[in-house]
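Participant: Dropping in final.txt, which is compact mmCIF, C-alpha atoms and all ligand atoms:
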```txt
# COMPACT_ATOMS: atom_id res chain seq x y z
CA MET A 1 4.48 -29.76 -2.12
CA LYS A 2 3.34 -27.36 0.57
CA LYS A 3 -0.19 -26.04 0.00
CA ILE A 4 0.01 -22.81 -2.00
CA GLN A 5 -1.29 -19.70 -0.25
CA MET A 6 -1.74 -16.12 -1.49
CA VAL A 7 0.48 -15.12 1.44
CA ASP A 8 2.48 -17.54 3.60
CA LEU A 9 3.19 -15.86 6.92
CA GLN A 10 3.82 -19.09 8.85
CA SER A 11 6.89 -20.10 6.83
CA GLN A 12 8.34 -16.59 7.12
CA TYR A 13 7.80 -16.61 10.88
CA GLN A 14 9.56 -19.98 11.33
CA LYS A 15 12.78 -18.41 10.01
CA ILE A 16 12.84 -15.60 12.58
CA LYS A 17 10.89 -17.30 15.35
CA SER A 18 13.50 -17.47 18.11
CA GLU A 19 14.47 -13.78 17.94
CA VAL A 20 10.92 -12.54 17.53
CA ASP A 21 9.58 -14.71 20.35
CA ALA A 22 12.33 -13.49 22.66
CA SER A 23 11.64 -9.84 21.96
CA ILE A 24 7.88 -10.24 22.37
CA LEU A 25 8.48 -11.93 25.73
CA ASN A 26 10.85 -9.16 26.66
CA VAL A 27 8.12 -6.55 26.10
CA ILE A 28 5.71 -8.58 28.22
CA GLU A 29 8.23 -8.91 31.03
CA SER A 30 9.13 -5.22 30.89
CA ALA A 31 5.42 -4.31 30.86
CA ALA A 32 6.28 -1.30 28.66
CA PHE A 33 3.32 -2.05 26.42
CA ILE A 34 2.61 1.49 25.21
CA ASN A 35 5.26 3.81 23.78
CA GLY A 36 7.99 1.60 25.22
CA PRO A 37 11.62 1.61 24.12
CA GLU A 38 10.83 -0.81 21.25
CA VAL A 39 8.58 1.81 19.65
CA LYS A 40 11.21 4.54 19.85
CA GLN A 41 13.89 2.20 18.52
CA PHE A 42 11.75 1.06 15.60
CA GLN A 43 10.84 4.66 14.82
CA SER A 44 14.47 5.64 14.59
CA ASP A 45 15.43 2.48 12.63
CA LEU A 46 12.69 3.28 10.11
CA GLU A 47 13.79 6.93 9.83
CA LYS A 48 17.27 5.68 8.91
CA PHE A 49 15.96 3.06 6.49
CA LEU A 50 13.74 5.56 4.68
CA ASP A 51 16.19 8.44 4.99
CA VAL A 52 13.37 10.65 6.29
CA LYS A 53 13.47 13.17 9.13
CA HIS A 54 10.35 12.08 11.01
CA VAL A 55 8.49 8.79 11.40
CA ILE A 56 5.34 8.90 13.52
CA PRO A 57 4.14 5.38 14.33
CA CYS A 58 0.36 4.88 14.59
CA GLY A 59 -2.33 2.25 14.88
CA ASN A 60 -2.80 1.19 11.26
CA GLY A 61 -2.51 2.41 7.67
CA THR A 62 -6.03 3.82 7.54
CA ASP A 63 -5.36 5.93 10.64
CA ALA A 64 -2.09 7.08 9.06
CA LEU A 65 -4.01 8.50 6.08
CA GLN A 66 -6.68 10.06 8.28
CA ILE A 67 -4.16 11.69 10.61
CA ALA A 68 -2.13 12.97 7.66
CA LEU A 69 -5.24 14.70 6.28
CA MET A 70 -6.08 16.11 9.74
CA ALA A 71 -2.58 17.58 10.08
CA LEU A 72 -2.85 19.64 6.90
CA GLY A 73 -5.53 21.98 8.22
CA LEU A 74 -8.11 21.28 5.50
CA GLU A 75 -11.67 22.64 5.81
CA PRO A 76 -14.91 20.69 5.27
CA GLY A 77 -15.72 20.67 1.55
CA ASP A 78 -12.09 20.96 0.46
CA GLU A 79 -11.41 18.53 -2.35
CA VAL A 80 -8.88 15.70 -2.22
CA ILE A 81 -8.08 13.80 -5.39
CA THR A 82 -7.19 10.12 -5.42
CA ALA A 83 -7.41 7.07 -7.68
CA ASP A 84 -10.63 5.23 -8.50
CA PHE A 85 -8.69 1.95 -8.51
CA THR A 86 -7.31 1.36 -5.00
CA PHE A 87 -8.23 -0.15 -1.64
CA ALA A 88 -11.17 1.70 -0.06
CA ALA A 89 -9.17 3.01 2.93
CA THR A 90 -7.62 5.71 0.75
CA VAL A 91 -10.97 7.33 -0.06
CA GLU A 92 -12.76 6.38 3.16
CA VAL A 93 -10.75 8.75 5.36
CA ILE A 94 -11.36 11.70 3.02
CA ASP A 95 -15.13 11.38 3.29
CA LEU A 96 -14.99 10.53 6.99
CA LEU A 97 -13.40 13.94 7.62
CA LYS A 98 -16.15 15.63 5.57
CA LEU A 99 -13.67 16.54 2.89
CA LYS A 100 -14.77 15.85 -0.66
CA SER A 101 -13.18 12.86 -2.41
CA ILE A 102 -12.61 13.26 -6.13
CA LEU A 103 -11.77 9.98 -7.85
CA VAL A 104 -9.88 9.87 -11.13
CA ASP A 105 -8.88 7.16 -13.59
CA VAL A 106 -5.57 5.27 -13.51
CA ASN A 107 -3.05 4.28 -16.18
CA LEU A 108 -3.72 0.91 -17.80
CA ASP A 109 -0.12 -0.22 -17.65
CA THR A 110 1.01 0.86 -14.15
CA PHE A 111 -2.38 0.89 -12.35
CA THR A 112 -1.43 4.24 -10.76
CA ILE A 113 -3.18 7.62 -11.03
CA ASP A 114 -3.28 9.20 -14.50
CA ALA A 115 -1.53 12.57 -14.18
CA GLU A 116 -3.41 14.24 -17.04
CA LYS A 117 -6.80 13.26 -15.68
CA LEU A 118 -5.65 14.30 -12.24
CA LYS A 119 -4.79 17.74 -13.56
CA ALA A 120 -8.16 17.99 -15.30
CA ALA A 121 -9.94 17.24 -12.02
CA ILE A 122 -8.40 20.17 -10.15
CA THR A 123 -10.79 22.97 -9.09
CA PRO A 124 -10.28 26.04 -6.88
CA LYS A 125 -11.37 23.83 -3.93
CA THR A 126 -8.73 21.16 -4.49
CA LYS A 127 -6.25 21.07 -1.59
CA ALA A 128 -4.50 17.70 -1.74
CA ILE A 129 -3.67 14.68 -3.86
CA ILE A 130 -3.26 11.14 -2.56
CA PRO A 131 -1.30 9.08 -5.10
CA VAL A 132 -1.37 5.36 -4.29
CA HIS A 133 1.72 3.30 -5.06
CA LEU A 134 -0.47 0.37 -5.99
CA PHE A 135 0.77 -3.23 -5.89
CA GLY A 136 4.31 -2.14 -4.98
CA GLN A 137 5.31 0.37 -7.63
CA CYS A 138 5.43 4.15 -7.24
CA ALA A 139 3.10 6.44 -9.13
CA ASN A 140 4.94 8.91 -11.34
CA MET A 141 5.90 11.33 -8.57
CA ASP A 142 7.71 13.76 -10.91
CA GLU A 143 4.45 14.46 -12.73
CA ILE A 144 2.43 14.56 -9.52
CA MET A 145 4.83 16.87 -7.64
CA ALA A 146 4.98 19.21 -10.65
CA ILE A 147 1.18 19.48 -10.69
CA ALA A 148 1.11 19.94 -6.89
CA LYS A 149 3.61 22.77 -7.15
CA GLU A 150 1.76 24.47 -9.98
CA TYR A 151 -1.58 24.41 -8.09
CA ASN A 152 -0.17 24.67 -4.55
CA LEU A 153 -1.52 21.31 -3.37
CA TYR A 154 -0.40 18.92 -0.65
CA VAL A 155 0.69 15.43 -1.64
CA ILE A 156 0.07 12.49 0.70
CA GLU A 157 1.63 9.29 -0.59
CA ASP A 158 -0.28 6.09 0.20
CA THR A 159 2.64 3.70 0.39
CA ALA A 160 0.81 0.90 2.24
CA GLN A 161 1.69 -1.48 -0.60
CA ALA A 162 5.12 -0.16 -1.50
CA ILE A 163 7.32 0.16 1.55
CA GLY A 164 10.94 -0.14 0.46
CA ALA A 165 10.22 0.76 -3.18
CA GLU A 166 12.28 3.62 -4.60
CA PHE A 167 11.33 6.41 -6.93
CA LYS A 168 14.52 7.58 -8.65
CA GLY A 169 16.58 6.62 -5.61
CA LYS A 170 14.23 8.08 -2.98
CA LYS A 171 12.15 5.81 -0.78
CA ALA A 172 8.43 5.67 -1.50
CA GLY A 173 6.57 7.88 0.97
CA THR A 174 9.36 10.45 1.35
CA ILE A 175 8.75 12.45 -1.83
CA GLY A 176 5.41 14.13 -1.11
CA HIS A 177 4.64 16.27 1.95
CA VAL A 178 3.55 13.22 3.93
CA GLY A 179 3.82 9.45 3.42
CA CYS A 180 1.57 6.83 4.99
CA THR A 181 2.11 3.12 5.38
CA SER A 182 0.52 0.04 6.90
CA PHE A 183 2.11 -2.85 8.76
CA PHE A 184 -0.93 -5.10 8.33
CA PRO A 185 0.42 -8.68 8.49
CA SER A 186 0.28 -9.35 4.74
CA LYS A 187 1.96 -6.07 3.72
CA ASN A 188 5.61 -6.16 2.60
CA LEU A 189 6.66 -5.19 6.13
CA GLY A 190 3.98 -6.74 8.29
CA CYS A 191 3.61 -7.04 12.05
CA TYR A 192 1.51 -9.58 13.95
CA GLY A 193 -1.59 -7.44 14.32
CA ASP A 194 -2.38 -3.90 13.21
CA GLY A 195 0.21 -1.16 12.81
CA GLY A 196 1.03 1.86 10.67
CA ALA A 197 3.28 4.88 10.32
CA ILE A 198 3.37 8.38 8.88
CA PHE A 199 6.54 9.95 7.44
CA THR A 200 7.50 13.52 6.70
CA ASN A 201 10.55 15.75 6.26
CA ASP A 202 8.56 18.81 7.39
CA ASP A 203 9.12 19.74 11.07
CA ASP A 204 5.82 21.63 11.42
CA ILE A 205 3.74 18.83 9.91
CA ALA A 206 5.59 16.31 12.11
CA HIS A 207 4.73 18.35 15.22
CA ARG A 208 1.05 18.41 14.22
CA LEU A 209 1.05 14.67 13.48
CA ARG A 210 2.57 13.84 16.89
CA GLY A 211 -0.08 15.91 18.64
CA ILE A 212 -3.00 14.49 16.66
CA VAL A 213 -2.06 10.82 17.21
CA ASN A 214 -2.10 11.58 20.93
CA HIS A 215 -5.52 13.22 21.52
CA GLY A 216 -4.48 16.60 20.13
CA MET A 217 -2.20 16.95 23.14
CA TYR A 218 1.01 18.95 22.71
CA LYS A 219 1.55 19.40 26.43
CA ARG A 220 0.35 16.74 28.85
CA TYR A 221 -3.37 17.19 29.57
CA TYR A 222 -3.61 20.33 27.43
CA HIS A 223 -5.71 19.53 24.36
CA ASP A 224 -5.22 22.16 21.66
CA GLU A 225 -7.31 20.42 19.01
CA VAL A 226 -9.46 17.35 18.50
CA GLY A 227 -7.15 14.43 17.92
CA VAL A 228 -7.36 10.64 17.98
CA ASN A 229 -5.78 7.80 19.90
CA SER A 230 -3.66 5.89 17.42
CA ARG A 231 -0.58 4.04 18.61
CA LEU A 232 1.74 1.31 17.44
CA ASP A 233 1.98 -0.93 20.47
CA SER A 234 5.35 -2.09 21.80
CA ILE A 235 4.83 -5.77 20.92
CA GLN A 236 4.17 -4.89 17.28
CA ALA A 237 7.14 -2.53 17.26
CA ALA A 238 9.35 -5.34 18.60
CA VAL A 239 8.23 -7.60 15.74
CA LEU A 240 8.80 -4.86 13.18
CA ARG A 241 12.22 -4.01 14.56
CA HIS A 242 13.28 -7.59 13.88
CA LYS A 243 11.76 -7.69 10.43
CA LEU A 244 12.95 -4.29 9.14
CA PRO A 245 16.56 -5.46 8.52
CA PHE A 246 15.11 -8.22 6.31
CA LEU A 247 12.83 -5.92 4.30
CA ASN A 248 15.20 -5.50 1.37
CA ASP A 249 15.68 -9.28 1.21
CA TYR A 250 11.94 -9.83 1.47
CA ASN A 251 11.36 -7.42 -1.40
CA LYS A 252 14.10 -9.15 -3.43
CA ALA A 253 12.42 -12.52 -2.86
CA ARG A 254 9.14 -11.04 -4.11
CA TYR A 255 10.91 -9.60 -7.13
CA ALA A 256 12.52 -12.96 -7.92
CA ALA A 257 9.13 -14.71 -7.81
CA ALA A 258 7.63 -11.97 -10.01
CA SER A 259 10.46 -12.33 -12.53
CA TYR A 260 9.88 -16.08 -12.62
CA TYR A 261 6.20 -15.52 -13.41
CA THR A 262 6.85 -12.86 -16.03
CA ASN A 263 9.46 -14.94 -17.80
CA ALA A 264 7.21 -18.00 -17.82
CA PHE A 265 4.30 -16.02 -19.28
CA LYS A 266 6.19 -14.03 -21.92
CA ASP A 267 4.83 -15.99 -24.87
CA ILE A 268 1.21 -16.11 -23.75
CA ALA A 269 -0.67 -13.66 -25.97
CA GLY A 270 -3.74 -13.65 -23.73
CA LEU A 271 -1.89 -12.22 -20.72
CA ILE A 272 -0.29 -8.89 -19.94
CA THR A 273 2.37 -9.17 -17.25
CA PRO A 274 2.99 -6.24 -14.84
CA ALA A 275 4.72 -3.22 -16.38
CA GLU A 276 7.88 -2.03 -14.65
CA ALA A 277 8.23 1.73 -14.96
CA ASP A 278 11.74 3.14 -15.45
CA TYR A 279 11.22 5.70 -12.66
CA SER A 280 10.41 3.24 -9.86
CA THR A 281 11.58 -0.05 -8.45
CA HIS A 282 8.82 -2.61 -7.94
CA VAL A 283 8.45 -4.44 -4.63
CA TYR A 284 5.55 -6.61 -5.83
CA HIS A 285 3.11 -6.37 -2.99
CA GLN A 286 0.90 -8.06 -5.56
CA TYR A 287 1.76 -9.77 -8.83
CA THR A 288 -1.16 -8.61 -10.94
CA LEU A 289 -1.81 -9.89 -14.44
CA ARG A 290 -4.26 -8.59 -16.98
CA VAL A 291 -6.18 -11.47 -18.50
CA LEU A 292 -7.48 -10.53 -21.95
CA ASP A 293 -10.44 -11.66 -24.08
CA GLY A 294 -12.85 -11.97 -21.14
CA LYS A 295 -11.09 -15.10 -19.85
CA ARG A 296 -10.23 -13.85 -16.35
CA ASP A 297 -12.96 -15.59 -14.38
CA GLU A 298 -12.48 -18.83 -16.32
CA LEU A 299 -8.74 -18.79 -15.58
CA GLN A 300 -9.39 -18.08 -11.91
CA ALA A 301 -11.82 -21.04 -11.71
CA PHE A 302 -9.28 -23.28 -13.52
CA LEU A 303 -6.58 -22.37 -10.98
CA THR A 304 -8.94 -22.86 -8.04
CA GLU A 305 -9.56 -26.43 -9.29
CA LYS A 306 -5.81 -26.98 -9.03
CA GLU A 307 -5.72 -25.48 -5.53
CA ILE A 308 -3.94 -22.35 -6.69
CA PRO A 309 -5.44 -19.27 -5.05
CA ALA A 310 -5.83 -16.20 -7.27
CA MET A 311 -7.49 -13.00 -6.16
CA ILE A 312 -9.20 -10.06 -7.83
CA TYR A 313 -7.76 -6.81 -6.49
CA TYR A 314 -10.08 -4.93 -7.01
CA PRO A 315 -13.40 -6.09 -8.50
CA VAL A 316 -15.34 -2.79 -8.21
CA PRO A 317 -14.13 0.76 -8.92
CA LEU A 318 -14.48 2.93 -5.82
CA ARG A 319 -16.79 5.37 -7.61
CA LYS A 320 -19.25 2.51 -8.13
CA GLN A 321 -19.28 1.57 -4.45
CA LYS A 322 -22.45 2.63 -2.69
CA ALA A 323 -20.48 4.59 -0.10
CA TYR A 324 -18.52 6.68 -2.60
CA ASN A 325 -20.82 7.16 -5.58
CA ASN A 326 -21.69 10.86 -5.53
CA GLY A 327 -23.86 10.67 -8.66
CA HIS A 328 -21.55 13.00 -10.60
CA TYR A 329 -19.07 10.56 -12.08
CA ILE A 330 -19.31 9.76 -15.79
CA ASP A 331 -18.18 6.31 -16.99
CA ALA A 332 -16.54 7.82 -20.08
CA ASP A 333 -13.97 9.43 -17.75
CA PHE A 334 -12.88 6.05 -16.35
CA PRO A 335 -12.20 3.70 -19.29
CA ASN A 336 -9.02 2.26 -17.77
CA THR A 337 -10.39 1.49 -14.31
CA ASP A 338 -13.49 -0.07 -15.86
CA GLN A 339 -11.31 -2.25 -18.08
CA LEU A 340 -8.95 -3.23 -15.25
CA VAL A 341 -11.68 -4.43 -12.89
CA GLN A 342 -12.64 -6.91 -15.62
CA GLU A 343 -9.08 -8.02 -16.42
CA VAL A 344 -6.94 -8.05 -13.29
CA MET A 345 -5.99 -11.18 -11.41
CA SER A 346 -3.30 -11.47 -8.75
CA LEU A 347 -1.27 -14.65 -8.29
CA PRO A 348 0.20 -15.90 -5.00
CA MET A 349 2.93 -13.47 -3.94
CA HIS A 350 5.02 -13.64 -0.77
CA THR A 351 8.58 -14.15 0.39
CA GLU A 352 8.44 -17.93 0.77
CA LEU A 353 7.30 -19.17 -2.66
CA THR A 354 9.38 -22.22 -3.59
CA GLU A 355 10.61 -23.10 -7.06
CA GLU A 356 8.38 -26.17 -6.95
CA GLN A 357 5.35 -23.97 -6.28
CA LEU A 358 6.31 -21.48 -8.99
CA VAL A 359 6.71 -24.30 -11.52
CA TYR A 360 3.33 -25.71 -10.52
CA ILE A 361 1.55 -22.34 -10.77
CA THR A 362 3.10 -21.28 -14.07
CA SER A 363 2.51 -24.72 -15.62
CA ALA A 364 -1.15 -24.51 -14.70
CA VAL A 365 -1.49 -21.06 -16.29
CA LYS A 366 0.28 -22.28 -19.44
CA GLU A 367 -1.96 -25.36 -19.56
CA PHE A 368 -5.03 -23.10 -19.46
CA PHE A 369 -3.87 -21.09 -22.47
CA ALA A 370 -2.79 -24.22 -24.41
CA LYS A 371 -6.31 -25.71 -24.19
C1 LIG B 401 -3.71 -1.86 3.43
C2 LIG B 401 -3.96 -0.56 2.79
C3 LIG B 401 -4.39 0.55 3.53
C4 LIG B 401 -4.85 0.48 4.96
O1 LIG B 401 -4.00 -0.10 5.86
P1 LIG B 401 -4.59 -0.76 7.20
O2 LIG B 401 -3.37 -0.96 8.05
O3 LIG B 401 -5.24 -2.04 6.81
O4 LIG B 401 -5.54 0.20 7.81
C5 LIG B 401 -4.49 1.78 2.88
N1 LIG B 401 -4.21 1.89 1.58
C6 LIG B 401 -3.83 0.86 0.82
C7 LIG B 401 -3.52 1.06 -0.62
C8 LIG B 401 -3.70 -0.41 1.40
O5 LIG B 401 -3.33 -1.44 0.64
```
For this file, write the structure as structure tokens.
Ligand SMILES: *Cc1c(COP(=O)(O)O)cnc(C)c1O
Facilitator:
Amino acid sequence: MKKIQMVDLQSQYQKIKSEVDASILNVIESAAFINGPEVKQFQSDLEKFLDVKHVIPCGNGTDALQIALMALGLEPGDEVITADFTFAATVEVIDLLKLKSILVDVNLDTFTIDAEKLKAAITPKTKAIIPVHLFGQCANMDEIMAIAKEYNLYVIEDTAQAIGAEFKGKKAGTIGHVGCTSFFPSKNLGCYGDGGAIFTNDDDIAHRLRGIVNHGMYKRYYHDEVGVNSRLDSIQAAVLRHKLPFLNDYNKARYAAASYYTNAFKDIAGLITPAEADYSTHVYHQYTLRVLDGKRDELQAFLTEKEIPAMIYYPVPLRKQKAYNNGHYIDADFPNTDQLVQEVMSLPMHTELTEEQLVYITSAVKEFFAK
């Protein structure tokens, strides 16, 4: 059996190698490394795929979030609410821009932001919400958009882990004012380096975003505002252009592996398998279990012995990280996040898991609980 990996990018590459190699070589030969035709083509392919008016490619998912915040005209001290249980990039860019990050608890079952607690965290200084579609499933965007409308807030969707997922028939990242994604190699649509994109249906926001990614330049060598340099390079765009037509199949392969896991674990009382909300499809960026009764670390060690990788996403709530602890958070407001960091464990999840590997992994988990 092939060695089990959390993510197996080599096997996926072997299946598309000849086309991808040819298009990378083509970029090199054309020497159109920056903003070449591959970038424009990928941008328009992604606009069609997402059914969104504007895609603005950029350097990575973290930049996408930062640039989205910059485009909304927020002032230092304005508050932006996001989830306590997510990857640090989501909160990092808020504080980097001298905005004020406000972290709130998530739902125990879906791992996404708790709408009631979100509403309770709103103050007169709140200007935006960043829901994170964690592990491949959308946050409840109906609830979030209703709150945003009531309080006149912007919504930036962090869809780095959920590209291709759908909320009630609309693609993740196209429901709020702005959507942000990452093409980091291990993401559901990954390139062979760093890459990202921002989406919006709003023409004015799109205009701002295009200026900011390019040094605040709306007319060549006229800099109207402070911007950044954040580009998707042509080689990465060429890779992505080849992979985008496979994204639905990739997400289906992830779903099939997840269903195999969930079915195999259905009678294990000590495990809670991922909840699938009725409002969103799940593209399983991660397959994340909750391991009950304090057995998580023991199970992880047991699997490691059997050469099955299992990861803890995420071991520390953001509000307890040195960089983001503002001294004002109260643990009693975060019971779910504090429980999840003790319970969660993600199993290998990628497009190339074989039946043999799935049998091996699920048998090992069952063996642990039968002890
Ligand atoms: C990966 C990720 C990002 C950042 O993307 P990069 O391309 O690595 O900068 C942001 N938010 C979430 C939830 C992510 O998983």
Participant: Using atom CA of Cys58 of chain A and atom CA of Ile113 of chain A as the two end points, give the distance in Å to one decimal.
Facilitator: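 Spanning atom CA of Cys58 of chain A to atom CA of Ile113 of chain A is a straight-line distance of 26.0 Å.
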Participant: Could you produce a table of the residues of chain A lying within 8 Å of ligand LIG 401 (chain B), with the nearest pair of atoms per residue and their separation in Å rounded to one decimal, using all atoms listed in the file, ordered by chain and increasing residue number, as CSV?
Facilitator:
```
residue,atom,partner,partner_atom,distance
A:Gly59,CA,B:LIG401,O2,7.6
A:Asn60,CA,B:LIG401,O2,3.9
A:Gly61,CA,B:LIG401,O1,3.4
A:Thr62,CA,B:LIG401,O4,3.7
A:Asp63,CA,B:LIG401,O4,6.4
A:Ala64,CA,B:LIG401,O4,7.8
A:Leu65,CA,B:LIG401,C5,7.5
A:Thr86,CA,B:LIG401,C7,5.8
A:Phe87,CA,B:LIG401,C7,5.0
A:Ala88,CA,B:LIG401,N1,7.2
A:Ala89,CA,B:LIG401,C5,4.8
A:Thr90,CA,B:LIG401,N1,5.2
A:Val132,CA,B:LIG401,C7,6.0
A:His133,CA,B:LIG401,C7,7.2
A:Leu134,CA,B:LIG401,C7,6.2
A:Phe135,CA,B:LIG401,O5,7.9
A:Asp158,CA,B:LIG401,N1,5.9
A:Thr159,CA,B:LIG401,C7,6.8
A:Ala160,CA,B:LIG401,C8,4.8
A:Gln161,CA,B:LIG401,O5,5.2
A:Thr181,CA,B:LIG401,O1,6.9
A:Ser182,CA,B:LIG401,O2,4.2
A:Phe183,CA,B:LIG401,O2,5.8
A:Phe184,CA,B:LIG401,O2,4.8
A:Lys187,CA,B:LIG401,C1,7.1
A:Asp194,CA,B:LIG401,O2,6.0
A:Gly195,CA,B:LIG401,O2,6.0
A:Gly196,CA,B:LIG401,O2,5.8
```
Participant: What is the distance between atom CA of Leu99 of chain A and atom CA of His328 of chain A, in Å to one decimal?
Facilitator: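 Computing it gives 16.0 Å between the two atoms.
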Participant: Find the residues around Pro185 of chain A up to 8 Å (all atoms listed in the file counted), leave out those fewer than 6 positions away in its own chain, and share them as a PyMOL selection string.
Facilitator: chain A and resi 9+191-194
Participant: Pick out the closest residue to Leu244 of chain A from this set: A:Ile163, A:Leu72, A:Leu25, A:Val80. Count only C-alpha atoms.
Facilitator: A:Ile163
Participant: Neighbours of Ile330 of chain A within 12 Å (only C-alpha atoms; same-chain residues fewer than 5 positions away dropped), as a list in words?
Facilitator: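 Residues meeting the cut-off are Leu103, Val104, Asp105, Arg319, Lys320, Asn325, Pro335 and Asp338 of chain A.
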Participant: With distances taken over only C-alpha atoms, which of A:Ile175, A:Leu318, A:Met141, A:Leu340 is nearest to Asp109 of chain A?
Facilitator: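 Under the stated criterion, the closest residue is A:Leu340.
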Participant: Taking all atoms of segment 346-357 of chain A that appear in the file, build a box with edges along x, y and z, extend it by 3 Å on every side, and state its centre and edge lengths in Å to one decimal, as AutoDock Vina command-line options.
Facilitator:
```
--center_x 3.7 --center_y -18.8 --center_z -4.0 --size_x 19.9 --size_y 20.7 --size_z 15.5
```
Participant: Counting only C-alpha atoms, figure out which residue out of A:Asp21, A:Leu299, A:His350, A:Glu343 gets nearest to Val316 of chain A.
Facilitator: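 Counting only C-alpha atoms, the residue closest to Val316 of chain A is A:Glu343.
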Participant: Using only C-alpha atoms, can you tell me which of A:Gln339, A:Ser259, A:Gln43, A:Asn201 comes closest to Thr273 of chain A?
Facilitator: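 When distances to Thr273 of chain A are compared using only C-alpha atoms, the smallest one comes from A:Ser259.
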Participant: Provide the atom CA of Ala148 of chain A to atom CA of Ser280 of chain A distance in Å, to one decimal place.
Facilitator: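 Pair atom CA of Ala148 of chain A / atom CA of Ser280 of chain A returns 19.3 Å.
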Participant: Choose the residue, out of A:Met1, A:Lys252, A:Gly294, A:Asp114, that has the smallest atom-to-atom separation from Gln357 of chain A; count all atoms listed in the file.
Facilitator: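 Checking each of A:Met1, A:Lys252, A:Gly294, A:Asp114 against Gln357 of chain A, counting all atoms listed in the file, the winner is A:Met1.
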Participant: With all atoms listed in the file as the basis for distance, which of A:Cys138, A:Tyr151, A:Arg231, A:Gln10 is at the shortest distance from Pro124 of chain A?
Facilitator: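 Going through A:Cys138, A:Tyr151, A:Arg231, A:Gln10 one by one, the smallest distance to Pro124 of chain A is for A:Tyr151.
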Participant: Neighbouring residues of Lys3 of chain A were defined as those with any atom within 10 Å, considering all atoms listed in the file; residues of the same chain fewer than 2 positions away were excluded. Please report them as a list in words.
Facilitator: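 My list of contacting residues is Met1, Gln5, Asp8, Glu307, Ile308, Pro309 and Gln357 of chain A.
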Participant: With 12 Å as the threshold, what does the neighbourhood of (-5.2, 19.1, 19.8) contain in terms of residues, counting only C-alpha atoms? Coordinates are those of the file; answer as an mmCIF file with C-alpha atoms, in the coordinates of the input.
Facilitator:
```cif
data_model
loop_
_atom_site.group_PDB
_atom_site.id
_atom_site.type_symbol
_atom_site.label_atom_id
_atom_site.label_comp_id
_atom_site.auth_asym_id
_atom_site.auth_seq_id
_atom_site.Cartn_x
_atom_site.Cartn_y
_atom_site.Cartn_z
ATOM 1 C CA ILE A 67 -4.160 11.690 10.610
ATOM 2 C CA MET A 70 -6.080 16.110 9.740
ATOM 3 C CA ALA A 71 -2.580 17.580 10.080
ATOM 4 C CA GLY A 73 -5.530 21.980 8.220
ATOM 5 C CA HIS A 207 4.730 18.350 15.220
ATOM 6 C CA ARG A 208 1.050 18.410 14.220
ATOM 7 C CA LEU A 209 1.050 14.670 13.480
ATOM 8 C CA ARG A 210 2.570 13.840 16.890
ATOM 9 C CA GLY A 211 -0.080 15.910 18.640
ATOM 10 C CA ILE A 212 -3.000 14.490 16.660
ATOM 11 C CA VAL A 213 -2.060 10.820 17.210
ATOM 12 C CA ASN A 214 -2.100 11.580 20.930
ATOM 13 C CA HIS A 215 -5.520 13.220 21.520
ATOM 14 C CA GLY A 216 -4.480 16.600 20.130
ATOM 15 C CA MET A 217 -2.200 16.950 23.140
ATOM 16 C CA TYR A 218 1.010 18.950 22.710
ATOM 17 C CA LYS A 219 1.550 19.400 26.430
ATOM 18 C CA ARG A 220 0.350 16.740 28.850
ATOM 19 C CA TYR A 221 -3.370 17.190 29.570
ATOM 20 C CA TYR A 222 -3.610 20.330 27.430
ATOM 21 C CA HIS A 223 -5.710 19.530 24.360
ATOM 22 C CA ASP A 224 -5.220 22.160 21.660
ATOM 23 C CA GLU A 225 -7.310 20.420 19.010
ATOM 24 C CA VAL A 226 -9.460 17.350 18.500
ATOM 25 C CA GLY A 227 -7.150 14.430 17.920
ATOM 26 C CA VAL A 228 -7.360 10.640 17.980
ATOM 27 C CA ASN A 229 -5.780 7.800 19.900
#
```
Participant: Take the point (6.1, 16.8, -1.7) as written in the file and pick out every residue within 10 Å of it, counting all atoms listed in the file; give the list as a list in words.
Facilitator: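 Residues satisfying the cut-off, written out: Met141, Asp142, Ile144, Met145, Ala146, Ala148, Lys149, Leu153, Tyr154, Val155, Ile156, Glu157, Gly173, Thr174, Ile175, Gly176, His177, Val178, Gly179, Thr200, Asn201 and Asp202 of chain A.
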Participant: Working from the structure I just supplied, which lacks atoms in segment 121-127 of chain A, can you model N, CA and C atoms there and output them as a compact mmCIF listing (two decimals), in the frame of the given file?
Facilitator:
```txt
# COMPACT_ATOMS: atom_id res chain seq x y z
N ALA A 121 -8.96 17.29 -13.11
CA ALA A 121 -9.94 17.24 -12.02
C ALA A 121 -9.74 18.35 -10.98
N ILE A 122 -8.69 19.12 -11.14
CA ILE A 122 -8.40 20.17 -10.15
C ILE A 122 -9.38 21.34 -10.28
N THR A 123 -9.90 21.80 -9.13
CA THR A 123 -10.79 22.97 -9.09
C THR A 123 -10.20 23.94 -8.05
N PRO A 124 -10.79 25.13 -7.91
CA PRO A 124 -10.28 26.04 -6.88
C PRO A 124 -10.38 25.46 -5.46
N LYS A 125 -11.22 24.42 -5.26
CA LYS A 125 -11.37 23.83 -3.93
C LYS A 125 -10.39 22.69 -3.66
N THR A 126 -9.65 22.28 -4.67
CA THR A 126 -8.73 21.16 -4.49
C THR A 126 -7.59 21.58 -3.55
N LYS A 127 -7.32 20.74 -2.55
CA LYS A 127 -6.25 21.07 -1.59
C LYS A 127 -5.17 20.00 -1.52
```
